[in-house]
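Shown next: start10.txt, given as compact mmCIF, C-alpha atoms.
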```
# COMPACT_ATOMS: atom_id res chain seq x y z
CA MET A 1 18.69 -4.73 38.66
CA SER A 2 18.67 -7.05 35.65
CA GLN A 3 14.96 -7.79 36.16
CA SER A 4 14.12 -4.10 36.24
CA LEU A 5 16.12 -3.43 33.10
CA LYS A 6 14.47 -6.28 31.27
CA SER A 7 10.97 -5.22 32.25
CA ASN A 8 11.60 -1.73 30.86
CA ASN A 9 13.11 -3.02 27.60
CA ILE A 10 16.44 -1.36 28.38
CA THR A 11 19.62 -3.17 27.43
CA ALA A 12 22.54 -2.62 29.79
CA PRO A 13 26.08 -2.65 28.34
CA THR A 14 27.61 -6.07 28.82
CA ILE A 15 30.42 -6.06 31.39
CA SER A 16 33.55 -8.14 31.01
CA ALA A 17 35.28 -9.96 33.82
CA GLU A 18 37.64 -7.00 34.31
CA GLY A 19 34.73 -4.62 34.88
CA LEU A 20 35.04 -3.18 31.37
CA THR A 21 32.11 -2.91 29.01
CA VAL A 22 32.46 -5.00 25.87
CA HIS A 23 32.76 -1.78 23.86
CA ALA A 24 35.56 -0.52 26.11
CA ALA A 25 37.41 -3.84 25.88
CA ALA A 26 37.16 -3.76 22.07
CA TRP A 27 38.40 -0.15 21.99
CA LEU A 28 41.41 -1.09 24.10
CA ARG A 29 42.20 -4.12 21.91
CA SER A 30 42.20 -1.86 18.85
CA ARG A 31 44.97 0.11 20.56
CA GLY A 32 47.09 -2.89 21.43
CA VAL A 33 45.89 -3.32 25.02
CA ASN A 34 45.01 -6.75 26.38
CA PRO A 35 41.85 -6.24 28.51
CA ALA A 36 42.80 -9.28 30.60
CA GLN A 37 45.77 -7.32 31.96
CA VAL A 38 43.92 -4.25 33.23
CA GLN A 39 43.51 -3.42 36.92
CA ALA A 40 40.49 -1.46 38.15
CA ILE A 41 41.16 1.62 40.30
CA PRO A 42 38.57 2.51 42.98
CA GLY A 43 36.47 5.55 42.10
CA ASP A 44 35.27 8.51 44.14
CA ALA A 45 32.54 11.11 43.67
CA SER A 46 32.13 11.05 39.88
CA ALA A 47 30.77 8.45 37.47
CA ARG A 48 34.16 8.19 35.76
CA ARG A 49 35.92 4.83 36.08
CA TYR A 50 39.64 4.11 35.74
CA TRP A 51 41.84 1.12 34.99
CA ARG A 52 45.61 0.79 35.21
CA LEU A 53 47.27 -0.72 32.14
CA THR A 54 50.77 -1.91 31.36
CA GLY A 55 53.27 0.55 29.97
CA GLN A 56 52.47 3.40 32.41
CA ARG A 57 49.01 3.99 30.98
CA LEU A 58 45.53 4.54 32.38
CA PHE A 59 42.18 4.00 30.75
CA MET A 60 39.27 6.29 31.66
CA ASP A 61 35.66 5.42 30.84
CA ALA A 62 33.39 8.44 31.33
CA PRO A 63 29.86 7.37 30.34
CA ALA A 64 27.07 9.88 29.73
CA PRO A 65 26.18 12.27 31.23
CA GLU A 66 29.91 12.72 31.83
CA ASP A 67 31.64 14.77 29.12
CA ILE A 68 35.36 14.32 28.45
CA LEU A 69 35.67 17.35 26.16
CA PRO A 70 36.36 19.87 28.99
CA PHE A 71 39.06 17.54 30.35
CA LEU A 72 40.69 17.23 26.91
CA ARG A 73 40.58 20.97 26.29
CA VAL A 74 42.10 21.89 29.64
CA GLN A 75 44.74 19.15 29.32
CA ARG A 76 45.89 20.43 25.93
CA ARG A 77 46.03 24.03 27.07
CA TRP A 78 47.87 23.27 30.28
CA GLN A 79 50.31 20.89 28.65
CA ASN A 80 51.09 23.54 26.03
CA ALA A 81 51.70 26.00 28.87
CA GLY A 82 54.31 23.66 30.37
CA LEU A 83 52.20 22.70 33.38
CA PRO A 84 52.58 19.19 34.88
CA VAL A 85 49.56 17.18 33.68
CA PRO A 86 49.25 13.64 32.27
CA ARG A 87 49.69 13.22 28.51
CA ILE A 88 46.71 12.10 26.41
CA LEU A 89 47.58 9.07 24.29
CA ALA A 90 44.19 8.50 22.63
CA ALA A 91 40.59 9.61 23.11
CA GLN A 92 37.11 9.10 21.71
CA LEU A 93 34.45 11.66 22.67
CA GLU A 94 31.59 9.19 22.44
CA PRO A 95 31.21 7.05 24.47
CA GLY A 96 33.87 8.86 26.53
CA PHE A 97 37.09 6.82 26.36
CA VAL A 98 40.54 8.23 27.18
CA LEU A 99 43.92 6.54 27.19
CA LEU A 100 46.34 8.65 29.18
CA GLU A 101 49.69 8.67 30.92
CA ASP A 102 49.78 6.94 34.32
CA LEU A 103 51.33 9.27 36.89
CA GLY A 104 51.55 6.50 39.48
CA ASN A 105 49.61 5.92 42.69
CA THR A 106 51.53 8.17 45.12
CA ASP A 107 49.58 11.33 45.75
CA LEU A 108 50.25 14.19 48.13
CA LYS A 109 47.96 12.71 50.76
CA THR A 110 50.06 9.53 50.82
CA MET A 111 53.24 11.54 51.41
CA ILE A 112 51.75 13.70 54.14
CA ASP A 113 50.13 10.74 55.89
CA ALA A 114 53.58 9.13 55.97
CA GLY A 115 54.96 12.22 57.71
CA THR A 116 57.28 12.89 54.80
CA ARG A 117 58.44 16.53 54.76
CA THR A 118 54.98 18.05 55.03
CA ASP A 119 56.12 21.67 54.86
CA LEU A 120 58.26 21.03 51.81
CA TRP A 121 55.39 19.40 49.95
CA LEU A 122 52.99 22.19 50.93
CA GLN A 123 55.53 24.73 49.64
CA GLN A 124 55.71 22.82 46.36
CA SER A 125 51.92 22.95 46.22
CA LEU A 126 51.98 26.71 46.70
CA ASP A 127 54.53 27.05 43.92
CA LEU A 128 52.34 24.96 41.63
CA ILE A 129 49.35 27.25 42.22
CA ILE A 130 51.52 30.23 41.34
CA ALA A 131 52.83 28.46 38.22
CA LEU A 132 49.23 27.83 37.19
CA GLN A 133 48.32 31.47 37.71
CA ARG A 134 51.35 32.77 35.83
CA ALA A 135 50.67 30.42 32.92
CA GLY A 136 47.11 31.71 32.75
CA SER A 137 48.22 35.33 32.70
CA ALA A 138 50.54 34.59 29.76
CA ASP A 139 47.99 32.54 27.80
CA THR A 140 46.47 34.15 24.69
CA SER A 141 44.68 31.13 23.25
CA ARG A 142 40.94 31.04 22.63
CA PRO A 143 38.39 30.19 23.81
CA LEU A 144 39.10 31.28 27.36
CA LEU A 145 38.49 28.91 30.22
CA PRO A 146 34.92 29.27 31.54
CA CYS A 147 34.42 32.26 33.82
CA PHE A 148 33.71 31.67 37.50
CA SER A 149 30.88 34.16 37.23
CA ARG A 150 28.56 35.61 39.83
CA GLN A 151 25.90 33.15 38.71
CA ARG A 152 28.25 30.17 39.14
CA LEU A 153 29.28 31.31 42.60
CA GLU A 154 25.66 31.82 43.61
CA ASP A 155 24.72 28.41 42.21
CA GLU A 156 27.44 26.83 44.35
CA LEU A 157 26.17 28.53 47.48
CA ALA A 158 22.61 27.49 46.67
CA LEU A 159 23.76 23.88 47.20
CA PHE A 160 24.10 24.64 50.91
CA GLN A 161 20.51 25.84 51.15
CA ASP A 162 19.01 23.17 48.87
CA TRP A 163 20.87 20.07 49.98
CA TYR A 164 22.29 20.73 53.45
CA LEU A 165 19.54 22.83 54.99
CA ARG A 166 16.47 21.62 53.15
CA LYS A 167 17.30 18.00 52.35
CA HIS A 168 19.69 17.02 55.15
CA LEU A 169 18.26 19.04 58.04
CA GLY A 170 14.71 19.46 56.80
CA VAL A 171 14.91 23.21 57.45
CA THR A 172 12.47 25.61 55.80
CA LEU A 173 13.89 29.12 56.09
CA ASP A 174 11.74 31.94 57.40
CA GLU A 175 12.05 35.36 55.78
CA ASN A 176 14.61 36.63 58.31
CA GLU A 177 16.82 33.56 57.90
CA ARG A 178 16.58 33.85 54.12
CA GLN A 179 17.74 37.46 54.26
CA VAL A 180 20.62 36.58 56.61
CA LEU A 181 21.75 33.85 54.24
CA GLN A 182 21.51 36.07 51.17
CA ARG A 183 23.48 38.89 52.83
CA LEU A 184 26.29 36.51 53.70
CA PHE A 185 26.22 34.91 50.26
CA GLY A 186 26.38 38.34 48.63
CA LEU A 187 29.40 39.31 50.72
CA LEU A 188 31.21 36.08 49.83
CA VAL A 189 30.46 36.37 46.12
CA ASP A 190 31.67 39.98 46.08
CA ASN A 191 34.88 38.88 47.82
CA ALA A 192 35.49 36.35 45.04
CA LEU A 193 34.71 38.67 42.14
CA GLN A 194 36.84 41.54 43.46
CA GLN A 195 39.99 39.40 43.35
CA PRO A 196 42.35 39.08 40.37
CA GLN A 197 40.93 36.41 38.06
CA VAL A 198 43.37 33.64 37.15
CA TRP A 199 43.44 30.01 36.05
CA VAL A 200 41.82 27.94 38.79
CA HIS A 201 42.02 24.15 39.05
CA ARG A 202 38.89 24.24 41.25
CA ASP A 203 39.59 20.93 43.04
CA PHE A 204 43.17 21.52 44.13
CA HIS A 205 43.54 19.08 47.02
CA ALA A 206 45.92 16.36 48.13
CA ARG A 207 44.30 13.49 46.20
CA ASN A 208 44.54 15.43 42.94
CA LEU A 209 48.26 16.17 43.27
CA MET A 210 50.42 13.26 42.17
CA VAL A 211 54.02 12.94 43.38
CA GLN A 212 56.55 12.46 40.58
CA GLU A 213 60.22 11.43 40.89
CA ARG A 214 63.31 12.45 38.93
CA PRO A 215 62.88 15.30 39.60
CA TRP A 216 60.61 15.31 42.64
CA ARG A 217 57.57 17.42 41.78
CA LEU A 218 53.79 17.49 41.86
CA ALA A 219 51.51 16.96 38.87
CA MET A 220 47.81 17.80 38.61
CA ILE A 221 44.91 15.49 37.75
CA ASP A 222 41.09 15.81 37.76
CA PHE A 223 41.18 19.32 36.29
CA GLN A 224 38.18 19.12 33.95
CA ASP A 225 36.26 21.75 35.94
CA ALA A 226 39.01 24.39 35.63
CA VAL A 227 37.87 28.00 35.26
CA THR A 228 39.11 31.55 35.25
CA GLY A 229 38.36 32.64 38.78
CA PRO A 230 39.56 34.09 42.12
CA TRP A 231 43.26 33.78 42.80
CA THR A 232 42.64 32.53 46.35
CA TYR A 233 40.35 29.64 45.36
CA ASP A 234 42.95 26.90 44.86
CA LEU A 235 44.81 28.01 47.99
CA ALA A 236 41.59 27.63 49.98
CA SER A 237 41.02 24.19 48.43
CA LEU A 238 44.47 23.09 49.54
CA LEU A 239 44.45 24.42 53.10
CA TRP A 240 40.86 23.63 54.14
CA ASP A 241 41.05 19.97 53.25
CA ARG A 242 38.79 17.04 54.05
CA TYR A 243 41.77 14.99 55.28
CA TRP A 244 43.40 17.22 57.91
CA ASP A 245 42.46 20.28 59.92
CA TRP A 246 45.72 22.21 60.03
CA GLY A 247 44.41 24.82 62.46
CA GLN A 248 44.29 28.58 62.03
CA ALA A 249 47.91 29.35 62.96
CA ARG A 250 49.46 26.88 60.55
CA ARG A 251 47.08 27.80 57.73
CA ARG A 252 47.84 31.49 58.18
CA ASN A 253 51.58 30.83 58.01
CA TRP A 254 51.09 29.07 54.68
CA ILE A 255 48.81 31.85 53.42
CA LEU A 256 51.44 34.47 54.19
CA ASP A 257 54.11 32.24 52.63
CA PHE A 258 51.96 32.11 49.50
CA GLN A 259 51.63 35.89 49.54
CA ARG A 260 55.41 36.26 49.70
CA ARG A 261 55.78 33.87 46.76
CA LEU A 262 53.26 35.94 44.78
CA ILE A 263 55.40 39.02 45.37
CA VAL A 264 58.60 37.20 44.34
CA ALA A 265 56.82 36.00 41.20
CA GLY A 266 55.97 39.59 40.34
CA LEU A 267 52.23 39.12 40.84
CA LYS A 268 50.05 41.72 42.51
CA ALA A 269 49.73 41.41 46.29
CA LEU A 270 47.32 42.88 48.83
CA PRO A 271 48.17 44.14 52.34
CA GLN A 272 48.63 41.22 54.70
CA ASP A 273 45.34 41.58 56.62
CA SER A 274 43.33 42.06 53.44
CA PHE A 275 44.90 39.04 51.82
CA LEU A 276 44.25 36.84 54.85
CA ARG A 277 40.63 37.96 54.92
CA SER A 278 40.14 37.33 51.19
CA VAL A 279 41.54 33.79 51.47
CA GLU A 280 39.51 32.92 54.56
CA ARG A 281 36.28 34.22 53.03
CA MET A 282 36.99 32.31 49.84
CA ALA A 283 37.39 29.20 51.99
CA LEU A 284 34.08 29.94 53.69
CA GLN A 285 32.31 30.11 50.32
CA ARG A 286 33.86 26.84 49.25
CA ASN A 287 33.14 25.04 52.52
CA LEU A 288 29.47 26.04 52.46
CA LYS A 289 29.31 24.66 48.92
CA ILE A 290 31.01 21.42 50.01
CA LEU A 291 28.43 20.83 52.75
CA GLY A 292 25.79 21.00 50.03
CA ILE A 293 27.72 18.82 47.58
CA PHE A 294 28.38 16.09 50.14
CA CYS A 295 24.68 15.96 51.00
CA ARG A 296 23.78 15.81 47.30
CA LEU A 297 26.21 12.93 46.79
CA ALA A 298 24.62 11.13 49.72
CA TYR A 299 20.93 11.68 48.98
CA ARG A 300 20.86 11.91 45.19
CA ASP A 301 23.71 9.58 44.26
CA GLY A 302 23.50 7.07 47.11
CA LYS A 303 27.04 7.75 48.40
CA SER A 304 26.16 7.96 52.09
CA GLY A 305 29.80 7.86 53.22
CA TYR A 306 30.07 11.56 52.40
CA LEU A 307 27.85 12.36 55.36
CA ASP A 308 30.71 11.23 57.61
CA LEU A 309 32.74 14.18 56.30
CA LEU A 310 30.21 16.84 57.30
CA PRO A 311 31.57 17.51 60.83
CA GLN A 312 34.93 18.69 59.44
CA PHE A 313 33.30 21.26 57.16
CA ARG A 314 30.73 22.35 59.72
CA LYS A 315 33.66 23.17 62.00
CA TYR A 316 35.41 25.07 59.21
CA VAL A 317 32.32 27.24 58.67
CA LEU A 318 31.78 27.94 62.37
CA ASP A 319 35.50 28.75 62.82
CA ALA A 320 35.35 31.22 59.91
CA LEU A 321 32.33 33.04 61.32
CA THR A 322 33.91 33.13 64.78
CA GLU A 323 37.32 34.39 63.66
CA ASP A 324 36.16 37.13 61.26
CA ALA A 325 34.85 40.04 63.33
CA GLN A 326 32.82 41.35 60.40
CA LEU A 327 31.03 38.00 60.04
CA SER A 328 30.34 37.27 63.70
CA ALA A 329 26.81 38.65 63.42
CA TYR A 330 25.94 35.61 61.26
CA LEU A 331 27.14 33.15 63.89
CA PRO A 332 23.92 32.77 65.97
CA THR A 333 21.94 31.79 62.88
CA PHE A 334 24.52 29.29 61.65
CA VAL A 335 25.10 27.72 65.07
CA ARG A 336 21.56 26.38 64.95
CA TRP A 337 22.32 24.64 61.65
CA LEU A 338 25.90 23.53 62.21
CA ALA A 339 26.44 22.78 65.89
CA ALA A 340 26.82 19.02 66.27
```
As structure tokens, what does this structure read like?
Amino acid sequence: MSQSLKSNNITAPTISAEGLTVHAAAWLRSRGVNPAQVQAIPGDASARRYWRLTGQRLFMDAPAPEDILPFLRVQRRWQNAGLPVPRILAAQLEPGFVLLEDLGNTDLKTMIDAGTRTDLWLQQSLDLIIALQRAGSADTSRPLLPCFSRQRLEDELALFQDWYLRKHLGVTLDENERQVLQRLFGLLVDNALQQPQVWVHRDFHARNLMVQERPWRLAMIDFQDAVTGPWTYDLASLLWDRYWDWGQARRRNWILDFQRRLIVAGLKALPQDSFLRSVERMALQRNLKILGIFCRLAYRDGKSGYLDLLPQFRKYVLDALTEDAQLSAYLPTFVRWLAA
């Protein structure tokens, strides 16, 4: 790599022994942090990097093309609404440095993997989604969170065609297949847009829910992509997870539990069958998108490990088309693309 950079007259940022750039280390020193005492935290899908500091603090370095402004805006709004998010201690938009509260290293996945009161923690997660939605309905600040528009939803679904079908499988759609895909996509987008529009985390899963003590509760992280969107989206993110397949019966029990909590909270509720269908179709939209995203991460970003997660989401999609009588006509087409 260094040879290539040199030959193109590009200077890479110097990296310190702790994995920090020299600029990042200097920025931390100016805020009373000794760079020799930082501990790198393994990353995931994004280019953002994190370090744990003393004094219950984290440092985030989000180099271009990452943009920390959406994260800072959502954090301020949600903190002002009383939602559980980490506090921002310092930030610099360019080159993308943030010093923030450390919420610890125990996330919801850790608790569930340990077999620790799974149903209780899932109920707390449901309550947190409702708290988020209620806070959004009471919020009058401007500008509004970005809208999860028809175009955004269609762009998400296009990832399935562009990256899963075309790049991963090498499939070129014929006209009939293209029409089948567009009909299903249209149905799923309409399902999303016809729902009440609320604050949506958009990546509400077990790794982004941190367990806090005294009192025991969940706090949210990784919320920079939050939008105003369908009220079933975060519920679908939680229940159709990459880590566990809960099965239809258990998921439906939690969906109906969530519906009861909506009613208790005074929020609008649909008839039971309609609500189940709206959640399951929202999950189908999201899972098609995820198949595309995981392939993009693998082929564009070199993160091939995401291909190992495809079978889980292929199964989710096939299950959804099998279980929804109105969608079963799409099953023969998708079986060709998804059957392992």
key: Polymer residues at most 6 Å from Ala219 (chain A), all atoms listed in the file, same-chain spacing of 3 or more positions, as a ChimeraX atom specification   = /A:84-85,209-210
inquiry  = Report, in Å with one decimal, the straight-line distance from CA of Arg261 (chain A) to CA of Arg142 (chain A).
reply    = 28.5 Å
inquiry  = Restricting the calculation to all atoms listed in the file: of A:Phe185, A:Trp216, A:Phe148, A:Tyr299, which residue gets closest to Thr228 (chain A)?
reply    =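 Checking each candidate against Thr228 (chain A), we get A:Phe148 as the closest.
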inquiry  = Can you measure CA of Gln212 (chain A) to CA of Leu122 (chain A) for me? One decimal in Å is fine.
reply    = 14.6 Å
key: Between CA of Ala236 (chain A) and CA of Arg77 (chain A) - distance in Å to one decimal   =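 CA of Arg77 (chain A) sits 23.6 Å away from CA of Ala236 (chain A).
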Which residue of A:Leu28, A:Leu144, A:Leu165, A:Leu126 approaches Arg178 (chain A) most closely, using only C-alpha atoms =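 For Arg178 (chain A), the nearest of the candidates is A:Leu165.
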request  = Considering all atoms listed in the file, return as a list in words whatever protein or nucleic-acid residues lie within 9 Å of Glu66 (chain A), sequence-local ones (same chain, fewer than 4 positions apart) excluded.
outcome  =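 Once the adjacent positions are removed, what remains is Ser46, Ala47, Arg48, Ala62 and Gly96 of chain A.
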Closest atom pairs, residues of region 136-175 of chain A within 9 Å of region 192-195 of chain A, all atoms listed in the file, as JSON lines:
```
{"residue": "A:Phe148", "atom": "CA", "partner": "A:Leu193", "partner_atom": "CA", "distance": 8.5}
{"residue": "A:Ser149", "atom": "CA", "partner": "A:Leu193", "partner_atom": "CA", "distance": 7.7}
{"residue": "A:Arg150", "atom": "CA", "partner": "A:Leu193", "partner_atom": "CA", "distance": 7.2}
{"residue": "A:Leu153", "atom": "CA", "partner": "A:Ala192", "partner_atom": "CA", "distance": 8.4}
```
Hey, can you spit out that residue selection with C-alpha atoms as a PDB file, in the coordinates of the input?
```pdb
ATOM      1  CA  PHE A 148      33.710  31.670  37.500  1.00  0.00           C
ATOM      2  CA  SER A 149      30.880  34.160  37.230  1.00  0.00           C
ATOM      3  CA  ARG A 150      28.560  35.610  39.830  1.00  0.00           C
ATOM      4  CA  LEU A 153      29.280  31.310  42.600  1.00  0.00           C
TER       5      LEU A 153
END
```
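Residue nearest Asp102 (chain A), chosen from A:Gly19, A:Pro65, A:Gly55, A:Gly82 and counting only C-alpha atoms: A:Gly55.
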key: Shell of 12 Å around Gln161 (chain A), all atoms listed in the file, local chain residues under 2 positions omitted, as JSON, numbers by chain   = {"A": [154, 155, 156, 157, 158, 159, 163, 164, 165, 166, 167, 168, 169, 170, 171, 172, 173, 177, 178, 181, 182, 185, 288, 289, 290, 291, 292, 293, 295, 296, 334, 337]}
ask   = Nearest to Pro230 (chain A) among A:Ile263, A:Val198, A:Val98, A:Leu93, with distances taken over only C-alpha atoms: which residue is it?
value =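 Looking at the shortest contact to Pro230 (chain A), the residue is A:Val198.
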key: Residue neighbourhood Asp107 (chain A), 10 Å, only C-alpha atoms, exclusion window fewer than 2 positions, as a ChimeraX atom specification   = /A:103-105,109-112,205-212,218-220
Need the shell around Arg183 (chain A): protein/DNA/RNA residues with any atom at most 12 Å away, counting all atoms listed in the file. Skip same-chain ones fewer than 3 positions apart. Format as a tab-separated table (two decimals) with C-alpha atoms, keeping the file's coordinate frame?
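Saved as out-v3.tsv:
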```
chain	number	residue	atom	x	y	z
A	154	GLU	CA	25.66	31.82	43.61
A	157	LEU	CA	26.17	28.53	47.48
A	176	ASN	CA	14.61	36.63	58.31
A	177	GLU	CA	16.82	33.56	57.90
A	178	ARG	CA	16.58	33.85	54.12
A	179	GLN	CA	17.74	37.46	54.26
A	180	VAL	CA	20.62	36.58	56.61
A	186	GLY	CA	26.38	38.34	48.63
A	187	LEU	CA	29.40	39.31	50.72
A	188	LEU	CA	31.21	36.08	49.83
A	189	VAL	CA	30.46	36.37	46.12
A	190	ASP	CA	31.67	39.98	46.08
A	327	LEU	CA	31.03	38.00	60.04
A	329	ALA	CA	26.81	38.65	63.42
A	330	TYR	CA	25.94	35.61	61.26
```
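The nearest approach to Leu184 (chain A) among the residues A:Pro35, A:Trp244, A:Ser328, A:Thr116, with all atoms listed in the file taken into account, belongs to A:Ser328.
Compared by their closest atoms to Thr232 (chain A), and using all atoms listed in the file, the residues A:Arg250, A:Arg202, A:Arg152, A:Arg134 rank with A:Arg202 nearest.
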